[in-house]
Structures are given as C-alpha cells and as structure tokens.
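Asker: Please read through the structure below; I'll follow up with questions.
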Amino acid sequence: MNQEASINFSEDEKDILQEIMNIAFGNATADLAEVVDIYVMLSIPNIQVIGIGELPFYLKDTIKDDGESSIVEQKFWGNFKGSGLLVFPSGSGKDLLAFLDDRADYHHEGTAAATLEKGGLLEIGNILIGACVGKVSELLSTFVTYSPPQVLQGKSSDYNYLIEHFDPLQTAIVMKTIFTFKEKDINGFLLILTNHESIDWLRKALHEFMGTYE
Amino acid sequence: MIFSQMFDMLDVGIVILDSELNVFKWNRWMATHSKLPPEKIVGKSLFEFYPDLNTPWFLRNCKSVFTFGNFAFFSQKLHKYCFPFKAYNTLGSDFEFMQQSCTVGPLRDENNRITYIYITVQDVTEVAAYENKLITMNTRDGLTGIFNRRYLEAKLKEEFDRHIRYNRPLSLIMLDIDHFKKINDTHGHQAGDFILKSLATTIDERIRAVDIVARYGGEEFCVLLPETTSESALALAEFLRMGIEAEIYHFKDKSIKITISQGVSDLSDGVDSAEALLKKADDGLYESKRLGRNKVSMISNKKKVQ
C-alpha cells in the first residue's frame, strides 16, 4: 500500500479541492432546481483526508446511526473512483415519496409500500450523488461510470457489512456536505469517498484545474 | 464494423435517444422484441410508440442524465418494465410482460458534451419468477397453501401498528381442530393432512380478500381481520363453526366430520401489542376447549385463565 499519497496531499491541494467542491455543489444545486425540480441546499463541503485504518471508524462516528437512518450507497469508477453515501434521517422515505409526487406513474399494483419507499430513496439518492459527483468530474475534466445505488436500513446486517467492508487499508478523501430540501423538513448528509487508487490522479487533476487559471 | 456488429449481436436491448428523446438508434434486440424495425421508429419520438413512458419520473431521470452525466436505473422491483414486450420462454412464470432492468447513461461528443443518452434493456423475467417462487416458499405453508406463521406474525405486527395509529378496529380468530389426534390415529396421517388442507380451503372461501388466514401450528389456524370489530369477528367465527360442523369431508372411502374451537380477540381491554392480541385469542381458544369444544369464546376482561 502506498501511504505516500495521503501524506503528500497538501493543505494547498485540500484548498483547491475545497474550491472545486464549492463550485461543483453550487452548480449541482442550480441544475437540480432548474432541470429536475429538486430544490435542495448543500452546505459548504468539509474535506478530510482519512488515513489508513481509520475509515470504518470515521464512518461509524459520522453516521452515528440511531438504527433508523436510511443510507443510499452508490459506487462510481473511472479516473475518479469511489463511493457516494447519502444518509437520510429516520422515516424520511415517506416524505421523499410525497416529494416525488408522481408515484402513480409507477406500475403500482402489487408493489408494497416499502418497495415504493425504497424506490423513492434510490431515485433521489441516485440523482443527488450523480449530480454532485458529476459536477466534480466535469470540473476535473473526466467522467465516471456508476453502479446501481442500493438502500441500506440502519441496524441491518447490510449496514454493518457496508461499513466494515470499506477497506481499512485505504486512504480516502472524504467530502461531506449537509443537504436540506427546501420547503420540506428533510435533511441529511452526503459523503463522497475517493478511493486510495485515484488520489494520485486527483492530485494531478487539481493542479491541471489550477493551471487553467494561471 | 466490429463495434456496430456488437450493437446488434448483444442479448441486450439498446436504444439511443437524442436530447429531444427521439430515437436515434434501435438495435436488433429491440426490433425483435418490439416487432418494430429500426426504419419505423428511428427519427421519431420514443413517446409516439411508448406513450406510457411519457411520465415525470422518466423525463426527470433522462434530464438528469443529460445534465449530470449520471446513470439512471429502472429496476424490475419498482418498475416491472419500461417497454411492454411479451414475456416468452419463462418456465412456469405467469408474467404477461417481460420483466426488465433498464439503465440510462450518457454519450458524449468530441467536445465532451452529452448529446445522446442510451437505454439498455435487460430481460430479467426468469430472475423475477424465481424470486416470486422464493417469496411464496417463504410466506406460504407447504401443506395447505395458506400463509405460514412467519408471514402471519409479520402481518400481525404491521396491521397492529397501523390500526393503533389510525384508531381502527382489528380482530383476530385463533382456531384449533377438536381431537385432531384422533383423526390421525383412526384414519391415518394422510387423512389428517387431507383434513388440514380441506379446512384451510373451507376457511379461505368464507373470508374476505383482505383477511389473512394462516396455519399457526400443527392443527392451529389464525384468521387476521383488519377493520373488523369483535362483534363481526364473533359472527364470522360462529359462521365458520357452523359451516365446519355441517361439512362432511370425504377422504378415499371415509367420511370424516370435524369441529373447531375458537378464540376471538380485538384491541380492547388494554391489548397493547401484537403479542397481546394473539395471547387474548389463545386464551379464548383455551376457554372454548374448557367449555367442551366446538365453541367460540372471547375473554372480555383481562382475567387470567390459569
């Protein structure tokens, strides 16, 4: 394992990444409202470099699971590789359904309420993660491929599995932002985790991004 | 050349749409399953042929792919299918339409602008059928075909919470075949199994579609009655009791008559959990047995039956 990557990620580089995230999330917010009628506010992202062995603990601490939160997880890959984790507070699945107020369009018959709720979480999760990761990728002149998102309910074995299987040998850059749906009392947070193996690429891309302004 | 061959060789449907959602490409798989050759649909709006896709969720997801370059996933679980194609060649499944898992993704031009999106369509009918079989195996009693205890307990909890929340009446009947052991001993276990199956059918035919009848234990059954007062539940129990008492079950050359004892419960008297509802019905059942069987009882206060 190459530990150098985490050590070499300088404060300057963190600042550039911070700036890119600010722009990216600003763009994402604007486009979400304009294009898909999703009115969401994203806080200024917080960036942390998580060292080897710390990731599972960081996630456990951050998610502070009350046993009820719903997590949408989606992996993406390309030069920029990692996962998006969207954490919703307990019971927001139903509110989200009301939010995507066109459920009648789904082939409803025989579809259990729980499935619909999960569908709502998946769709919102997919779009929010896609919007944020997509905008970051765009600024870094790359594009990524996404795997299907999955929903994990707190306290389930899947949840523990997910948390424990974030490779502790990986260094990760975690970008955390808090999101609030306007006019709805739903908020939660989004984590974008950058895998160890794309950190070298990320550093290069950050410098290239700065280069375009120099 | 090779790439364009792939487009038509893959066992996956591929559609490419422009930003107006007009069809740009339609592969051989799509042509075969839709019976629409490319020359008929290419250049036309997708919605002209598939108006059911002209929905907020489909538009929202396509727009999102065009804007963010993300992917959209239309799972079989939620959507069943995007394109109504006839299901074929699926052993023992009763799907009318091919179950599909669809993915939408971006396609960029040389300037990195997303100019097209693709949709891939995968036939997952067999997987869905297999999943349905597993669900049946997991929720149904193998012998009688009615729901099993696991399903009843899950439903009971769900209905209990819902009825408490909306302050609606909920009732439960627990019933047991009187002297079932004697039937097994006298006529054999095959006859016993036949009686269990017949009784399940007799009950199932006499209840509403929203009611749930489950095999709770050996010769014990439960009927969960949503939106039902104890008066109605008692009336149903009496109706079942009389019906079964009058019935003559024929197994091979034998005529077998049975009776059942029942206990009824509802949400009154401080029943504060699904378990308490079950317990109260069980207490009623015990009381019916004590009173000589072929009876319906409801313990109306929280008297403990020792």
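Chain labels follow the order of the structure tokens: the first chain is A, the next B, and so on; residue numbering restarts at 1 in every chain, and ligands are counted from 1 in their shown order.
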Write out as a tab-separated table the residues of chain B that have any atom within 8 Å of an atom of chain A, one row each with the nearest atom pair and its distance in Å to one decimal, counting only C-alpha atoms, sorted by chain and then rising number.
Answerer:
```
residue	atom	partner	partner_atom	distance
B:Thr55	CA	A:Asp105	CA	6.6
B:Pro56	CA	A:Asp102	CA	6.6
B:Trp57	CA	A:Asp102	CA	7.1
B:Arg60	CA	A:Val36	CA	5.4
B:Asn61	CA	A:Ile127	CA	7.8
B:Lys63	CA	A:Val35	CA	6.6
B:Ser64	CA	A:Val36	CA	6.7
B:Thr67	CA	A:Asp31	CA	7.5
B:Phe68	CA	A:Gly134	CA	5.2
B:Gly69	CA	A:Gly134	CA	6.1
B:Asn70	CA	A:Gly130	CA	4.8
B:Phe71	CA	A:Tyr146	CA	6.2
B:Ala72	CA	A:Asn126	CA	7.1
B:Phe73	CA	A:Pro148	CA	6.4
B:Lys77	CA	A:Thr115	CA	7.5
B:Leu78	CA	A:Gly119	CA	6.3
B:His79	CA	A:His107	CA	5.8
B:Lys80	CA	A:His107	CA	6.9
```
Asker: Restricting the calculation to only C-alpha atoms: of A:Asp95, A:Glu34, A:Glu197, A:Glu208, which residue gets closest to Asp185 in chain A?
Answerer: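 Looking at the shortest contact to Asp185 in chain A, the residue is A:Asp95.
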Asker: Quick one: of A:Leu162, A:Val151, A:Leu55, A:Ile23, who's nearest to Asn195 in chain A, counting only C-alpha atoms?
Answerer: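 Using only C-alpha atoms, Asn195 in chain A sits closest to A:Leu55.
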Asker: So which residues of range 16-150 of chain B fall under helix (DSSP H, G or I) by DSSP, listed as number ranges by chain?
Answerer: B: 28-34, 38-41, 46-49, 51-53, 56-68, 76-79, 125-139, 149-150
Asker: Write out as a ChimeraX atom specification all residues of range 10-240 of chain B that DSSP puts in strand (DSSP E) for this structure's backbone.
Answerer: /B:13-18,23-26,72-74,100-108,114-123,170-177,212-215,220-226
